[in-house]
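Trainee: File work.cif below, mmCIF, C-alpha atoms:
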```cif
data_my_file
#
loop_
_atom_site.label_atom_id
_atom_site.label_comp_id
_atom_site.auth_asym_id
_atom_site.auth_seq_id
_atom_site.Cartn_x
_atom_site.Cartn_y
_atom_site.Cartn_z
CA MET A 162 35.37 9.04 -41.46
CA LYS A 163 35.88 12.40 -39.80
CA THR A 164 33.69 13.78 -36.97
CA GLN A 165 33.75 17.23 -35.63
CA LEU A 166 34.61 16.88 -31.96
CA GLY A 167 33.72 20.52 -31.27
CA CYS A 168 30.11 20.04 -32.44
CA PHE A 169 29.72 16.96 -30.26
CA ASN A 170 30.94 18.84 -27.16
CA THR A 171 28.56 21.71 -27.88
CA TYR A 172 25.59 19.34 -28.09
CA LEU A 173 26.74 17.55 -24.95
CA LEU A 174 27.10 20.85 -23.11
CA ALA A 175 23.67 22.05 -24.28
CA GLY A 176 22.05 18.77 -23.21
CA ALA A 177 23.72 18.86 -19.80
CA LEU A 178 22.67 22.49 -19.33
CA LEU A 179 19.04 21.68 -20.18
CA PHE A 180 19.11 18.67 -17.84
CA TRP A 181 20.56 20.80 -15.03
CA LEU A 182 18.06 23.63 -15.52
CA ASP A 183 15.14 21.22 -15.58
CA GLY A 184 16.38 19.43 -12.45
CA CYS A 185 16.95 22.65 -10.53
CA ALA A 186 13.57 24.17 -11.26
CA SER A 187 11.70 24.87 -8.07
CA PRO A 188 8.51 22.85 -7.69
CA LYS A 189 5.20 24.45 -8.46
CA SER A 190 3.38 25.57 -5.32
CA LYS A 191 0.31 23.50 -6.20
CA ASP A 192 2.44 20.35 -6.53
CA VAL A 193 3.89 20.75 -3.02
CA GLN A 194 1.62 19.47 -0.28
CA GLU A 195 1.89 21.42 2.93
CA LEU A 196 2.11 19.32 6.07
CA ALA A 197 0.93 20.20 9.57
CA ALA A 198 1.42 18.81 13.06
CA LEU A 199 -0.97 18.61 16.00
CA ARG A 200 -0.03 17.56 19.52
CA LEU A 201 -2.19 17.08 22.60
CA HIS A 202 -0.67 17.91 26.00
CA LEU A 203 -2.21 17.19 29.38
CA GLU A 204 -2.69 19.97 31.93
CA VAL A 205 -0.69 19.28 35.10
CA ASN A 206 0.01 21.06 38.36
CA PRO A 207 3.32 22.94 38.40
CA ASP A 208 5.75 20.71 40.27
CA GLY A 209 9.04 22.58 39.94
CA THR A 210 10.53 20.10 37.48
CA GLU A 211 11.34 20.65 33.82
CA ASN A 212 8.63 18.19 32.74
CA SER A 213 5.96 20.88 32.47
CA SER A 214 5.68 24.51 31.53
CA PRO A 215 3.01 27.20 31.40
CA VAL A 216 1.77 28.10 27.92
CA SER A 217 -0.34 31.01 26.75
CA VAL A 218 -3.50 29.90 24.98
CA GLY A 219 -5.60 32.31 22.96
CA ARG A 220 -4.78 35.55 21.23
CA SER A 221 -7.57 37.96 22.10
CA LEU A 222 -8.05 36.84 25.72
CA PRO A 223 -4.95 34.76 26.51
CA PHE A 224 -4.78 32.57 29.60
CA LEU A 225 -2.03 30.37 31.00
CA VAL A 226 -2.25 26.60 31.22
CA ASN A 227 0.51 24.50 32.74
CA VAL A 228 1.01 21.47 30.48
CA GLU A 229 3.34 18.50 30.24
CA LYS A 230 6.10 19.17 27.72
CA GLU A 231 5.70 15.66 26.31
CA ALA A 232 2.57 15.25 24.18
CA PHE A 233 0.39 12.22 24.85
CA LEU A 234 -1.00 12.17 21.28
CA THR A 235 0.58 13.45 18.07
CA GLU A 236 -0.17 13.80 14.37
CA TYR A 237 1.18 10.27 13.79
CA LYS A 238 -2.06 8.80 15.18
CA ILE A 239 -4.43 11.02 13.14
CA THR A 240 -6.40 9.41 10.33
CA ARG A 241 -8.55 12.40 9.31
CA ALA A 242 -9.14 16.01 10.26
CA SER A 243 -12.08 18.19 9.30
CA LEU A 244 -13.85 21.44 10.08
CA VAL A 245 -17.39 21.24 11.40
CA ASP A 246 -19.74 24.19 11.20
CA SER A 247 -21.30 24.89 14.55
CA TYR A 248 -23.61 27.53 15.93
CA GLY A 249 -21.74 30.83 15.73
CA GLY A 250 -18.56 29.47 14.16
CA PHE A 251 -16.75 26.23 13.51
CA SER A 252 -14.94 23.45 15.31
CA MET A 253 -12.04 21.24 14.38
CA SER A 254 -12.66 17.49 14.43
CA ILE A 255 -9.68 15.16 14.73
CA LYS A 256 -10.17 11.43 14.15
CA PHE A 257 -7.49 9.15 15.60
CA ASP A 258 -6.51 5.61 14.59
CA LYS A 259 -7.24 2.60 16.80
CA GLU A 260 -4.24 3.10 19.09
CA GLY A 261 -4.81 6.86 19.28
CA SER A 262 -8.46 6.25 20.18
CA TRP A 263 -7.41 4.00 23.06
CA ILE A 264 -4.96 6.61 24.35
CA LEU A 265 -7.56 9.38 24.05
CA GLU A 266 -10.10 7.27 25.92
CA GLN A 267 -7.61 6.50 28.71
CA TYR A 268 -6.67 10.15 29.19
CA THR A 269 -10.22 11.49 29.05
CA THR A 270 -11.32 8.84 31.56
CA ALA A 271 -8.47 9.31 34.03
CA TYR A 272 -8.12 13.11 33.89
CA ARG A 273 -11.68 14.39 33.82
CA GLY A 274 -11.77 18.07 34.77
CA LYS A 275 -8.25 18.76 33.44
CA ARG A 276 -7.52 20.58 30.20
CA ILE A 277 -5.96 19.31 27.00
CA GLY A 278 -3.55 21.80 25.47
CA VAL A 279 -3.73 21.66 21.66
CA GLU A 280 -0.46 22.65 19.99
CA ALA A 281 -0.30 22.96 16.20
CA ILE A 282 2.38 23.68 13.65
CA PHE A 283 1.18 24.78 10.22
CA GLY A 284 1.46 27.53 7.66
CA GLU A 285 4.47 29.30 6.26
CA THR A 286 6.14 30.16 9.57
CA GLN A 287 6.01 26.59 10.95
CA GLU A 288 6.06 28.05 14.45
CA PRO A 289 4.26 26.11 17.20
CA ARG A 290 0.98 27.72 18.22
CA TRP A 291 -1.51 26.84 20.94
CA LEU A 292 -4.96 26.56 19.35
CA GLY A 293 -6.92 25.76 22.46
CA ALA A 294 -7.16 24.09 25.84
CA PRO A 295 -10.60 22.52 26.18
CA ARG A 296 -11.56 21.03 29.52
CA ILE A 297 -12.21 17.28 29.64
CA THR A 298 -15.89 16.96 30.54
CA GLN A 299 -16.56 13.42 29.39
CA ARG A 300 -14.89 10.23 28.31
CA ILE A 301 -14.20 10.12 24.56
CA THR A 302 -14.70 6.55 23.34
CA ASN A 303 -15.08 7.04 19.56
CA GLY A 304 -11.58 8.43 18.90
CA VAL A 305 -12.88 11.81 17.69
CA PHE A 306 -11.55 14.90 19.47
CA VAL A 307 -13.58 18.04 18.70
CA PHE A 308 -12.58 21.52 19.86
CA THR A 309 -13.00 25.15 18.85
CA PRO A 310 -9.61 26.45 17.67
CA ASP A 311 -8.35 29.96 18.33
CA ALA A 312 -7.78 30.52 14.62
CA SER A 313 -9.41 32.16 11.64
CA ARG A 314 -11.36 29.98 9.23
CA LYS A 315 -8.56 30.32 6.67
CA GLU A 316 -5.92 29.24 9.22
CA ALA A 317 -8.05 26.32 10.35
CA ASP A 318 -8.61 25.22 6.73
CA ARG A 319 -4.86 25.30 6.18
CA ALA A 320 -4.17 23.31 9.36
CA VAL A 321 -6.79 20.69 8.47
CA ALA A 322 -5.43 20.34 4.93
CA GLY A 323 -1.90 19.94 6.30
CA LEU A 324 -3.01 17.33 8.84
CA ASN A 325 -4.83 15.35 6.15
CA ASN A 326 -1.77 15.53 3.89
CA PHE A 327 0.35 14.23 6.78
CA ALA A 328 -2.15 11.43 7.51
CA ASP A 329 -2.21 10.40 3.84
CA LYS A 330 1.59 10.41 3.68
CA ALA A 331 1.83 8.36 6.89
CA GLN A 332 -0.65 5.80 5.51
CA LYS A 333 1.41 5.44 2.31
CA ASP A 334 4.60 5.04 4.34
CA LYS A 335 3.01 2.23 6.41
CA LYS A 336 2.24 0.22 3.25
#
```
What is this file in structure tokens?
Mentor:
Amino acid sequence: MKTQLGCFNTYLLAGALLFWLDGCASPKSKDVQELAALRLHLEVNPDGTENSSPVSVGRSLPFLVNVEKEAFLTEYKITRASLVDSYGGFSMSIKFDKEGSWILEQYTTAYRGKRIGVEAIFGETQEPRWLGAPRITQRITNGVFVFTPDASRKEADRAVAGLNNFADKAQKDKK
């Protein structure tokens, strides 16, 4: 029985080429879930060390807040983020897990009167951006941190979606 080796190589080459092209196709944008990060930093007095730095918060009327470089809460403790319509605009609501709730309660109890610098990373640029620095006026016991972000509604929607994607991914990774 005779086989044509040339035909076999052509089919093999065509199959390999199709496999390679299919594997190298870039993913569809709707299949890729964008992730976001959110970090809370405590306001501190400048002490001359490298543990803190002044950051500019706000775009239209920026102001400086000196914050610790190390965040006390990060996106790893977030279970859900949402936008809440409020009078004259919207607020961002961040719900933390049990451990994050304890940390938030400790900081809001011990540092009343200080500010919490809210740093976020989202969008195409993935550059850190300071969304706000609300003053701690009361102890937060329910694990929900609500603030008005210095962002457009579209930017805030994107940040919330990215935070929820991150929270979902983190929950899957824990299981």
Trainee: To test your reading of the syntax: which residues would the PyMOL selection byres ((chain A and resi 223-235) around 10) return for the file shown? Reply as a compact mmCIF listing (two decimals) with C-alpha atoms, keeping the file's coordinate frame.
Mentor:
```txt
# COMPACT_ATOMS: atom_id res chain seq x y z
CA ALA A 198 1.42 18.81 13.06
CA LEU A 199 -0.97 18.61 16.00
CA ARG A 200 -0.03 17.56 19.52
CA LEU A 201 -2.19 17.08 22.60
CA HIS A 202 -0.67 17.91 26.00
CA LEU A 203 -2.21 17.19 29.38
CA GLU A 204 -2.69 19.97 31.93
CA VAL A 205 -0.69 19.28 35.10
CA ASN A 206 0.01 21.06 38.36
CA PRO A 207 3.32 22.94 38.40
CA ASP A 208 5.75 20.71 40.27
CA GLU A 211 11.34 20.65 33.82
CA ASN A 212 8.63 18.19 32.74
CA SER A 213 5.96 20.88 32.47
CA SER A 214 5.68 24.51 31.53
CA PRO A 215 3.01 27.20 31.40
CA VAL A 216 1.77 28.10 27.92
CA SER A 217 -0.34 31.01 26.75
CA VAL A 218 -3.50 29.90 24.98
CA GLY A 219 -5.60 32.31 22.96
CA ARG A 220 -4.78 35.55 21.23
CA SER A 221 -7.57 37.96 22.10
CA LEU A 222 -8.05 36.84 25.72
CA GLU A 236 -0.17 13.80 14.37
CA TYR A 237 1.18 10.27 13.79
CA LYS A 238 -2.06 8.80 15.18
CA ILE A 239 -4.43 11.02 13.14
CA PHE A 257 -7.49 9.15 15.60
CA GLU A 260 -4.24 3.10 19.09
CA GLY A 261 -4.81 6.86 19.28
CA SER A 262 -8.46 6.25 20.18
CA ILE A 264 -4.96 6.61 24.35
CA LEU A 265 -7.56 9.38 24.05
CA TYR A 268 -6.67 10.15 29.19
CA ARG A 276 -7.52 20.58 30.20
CA ILE A 277 -5.96 19.31 27.00
CA GLY A 278 -3.55 21.80 25.47
CA VAL A 279 -3.73 21.66 21.66
CA GLU A 280 -0.46 22.65 19.99
CA ALA A 281 -0.30 22.96 16.20
CA GLY A 293 -6.92 25.76 22.46
CA ALA A 294 -7.16 24.09 25.84
```
Trainee: On this file, the PyMOL selection byres ((chain A and resi 301) around 8) gives some set of residues; write that set as a list of chain:residue names.
Mentor: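 Taken on the displayed file, the PyMOL selection byres ((chain A and resi 301) around 8) yields the residues A:Leu265, A:Glu266, A:Thr269, A:Thr270, A:Gln299, A:Arg300, A:Thr302, A:Asn303, A:Gly304, A:Val305, A:Phe306.
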Trainee: So which residues touch Leu324 in chain A within 7 Å, counting only C-alpha atoms, skipping near sequence neighbours fewer than 6 positions away, as a list in words?
Mentor: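 In the requested form, the answer reads Leu196, Ala197, Ala198 and Ala242 of chain A.
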Trainee: For the atom pair CA of Phe283 in chain A and CA of Asp329 in chain A, what is the interatomic distance in Å to one decimal place?
Mentor: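 About the pair CA of Phe283 in chain A and CA of Asp329 in chain A: they are 16.1 Å apart.
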Trainee: Using CA of Asp311 in chain A and CA of Lys330 in chain A as the two end points, give the distance in Å to one decimal.
Mentor: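 Taking CA of Asp311 in chain A and CA of Lys330 in chain A, their separation equals 26.4 Å.
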Trainee: Between A:Leu292, A:Val245, A:Ala271, A:Ile255, which has the minimum distance to Glu316 in chain A (counting all atoms listed in the file)?
Mentor: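 Once distances to Glu316 in chain A are computed over all atoms listed in the file, the minimum belongs to A:Leu292.
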Trainee: So that I can see what lies close to Thr309 in chain A, please list as a list in words the residues with an atom at most 8 Å from it, counting only C-alpha atoms and leaving out residues fewer than 4 positions away in the same chain.
Mentor: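 Contacts, with the query itself left out: Phe251, Ser252, Met253 and Gly293 of chain A.
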Trainee: Between CA of Glu195 in chain A and CA of Asn326 in chain A, what is the distance, to one decimal in Å?
Mentor: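 Calculated distance between CA of Glu195 in chain A and CA of Asn326 in chain A is 7.0 Å.
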Trainee: Determine the residue set returned by the PyMOL selection byres ((chain A and resi 297) around 6) for the present structure, and present it as a list in words.
Mentor: Arg273, Gly274, Lys275, Arg276, Arg296, Thr298 and Gln299 of chain A
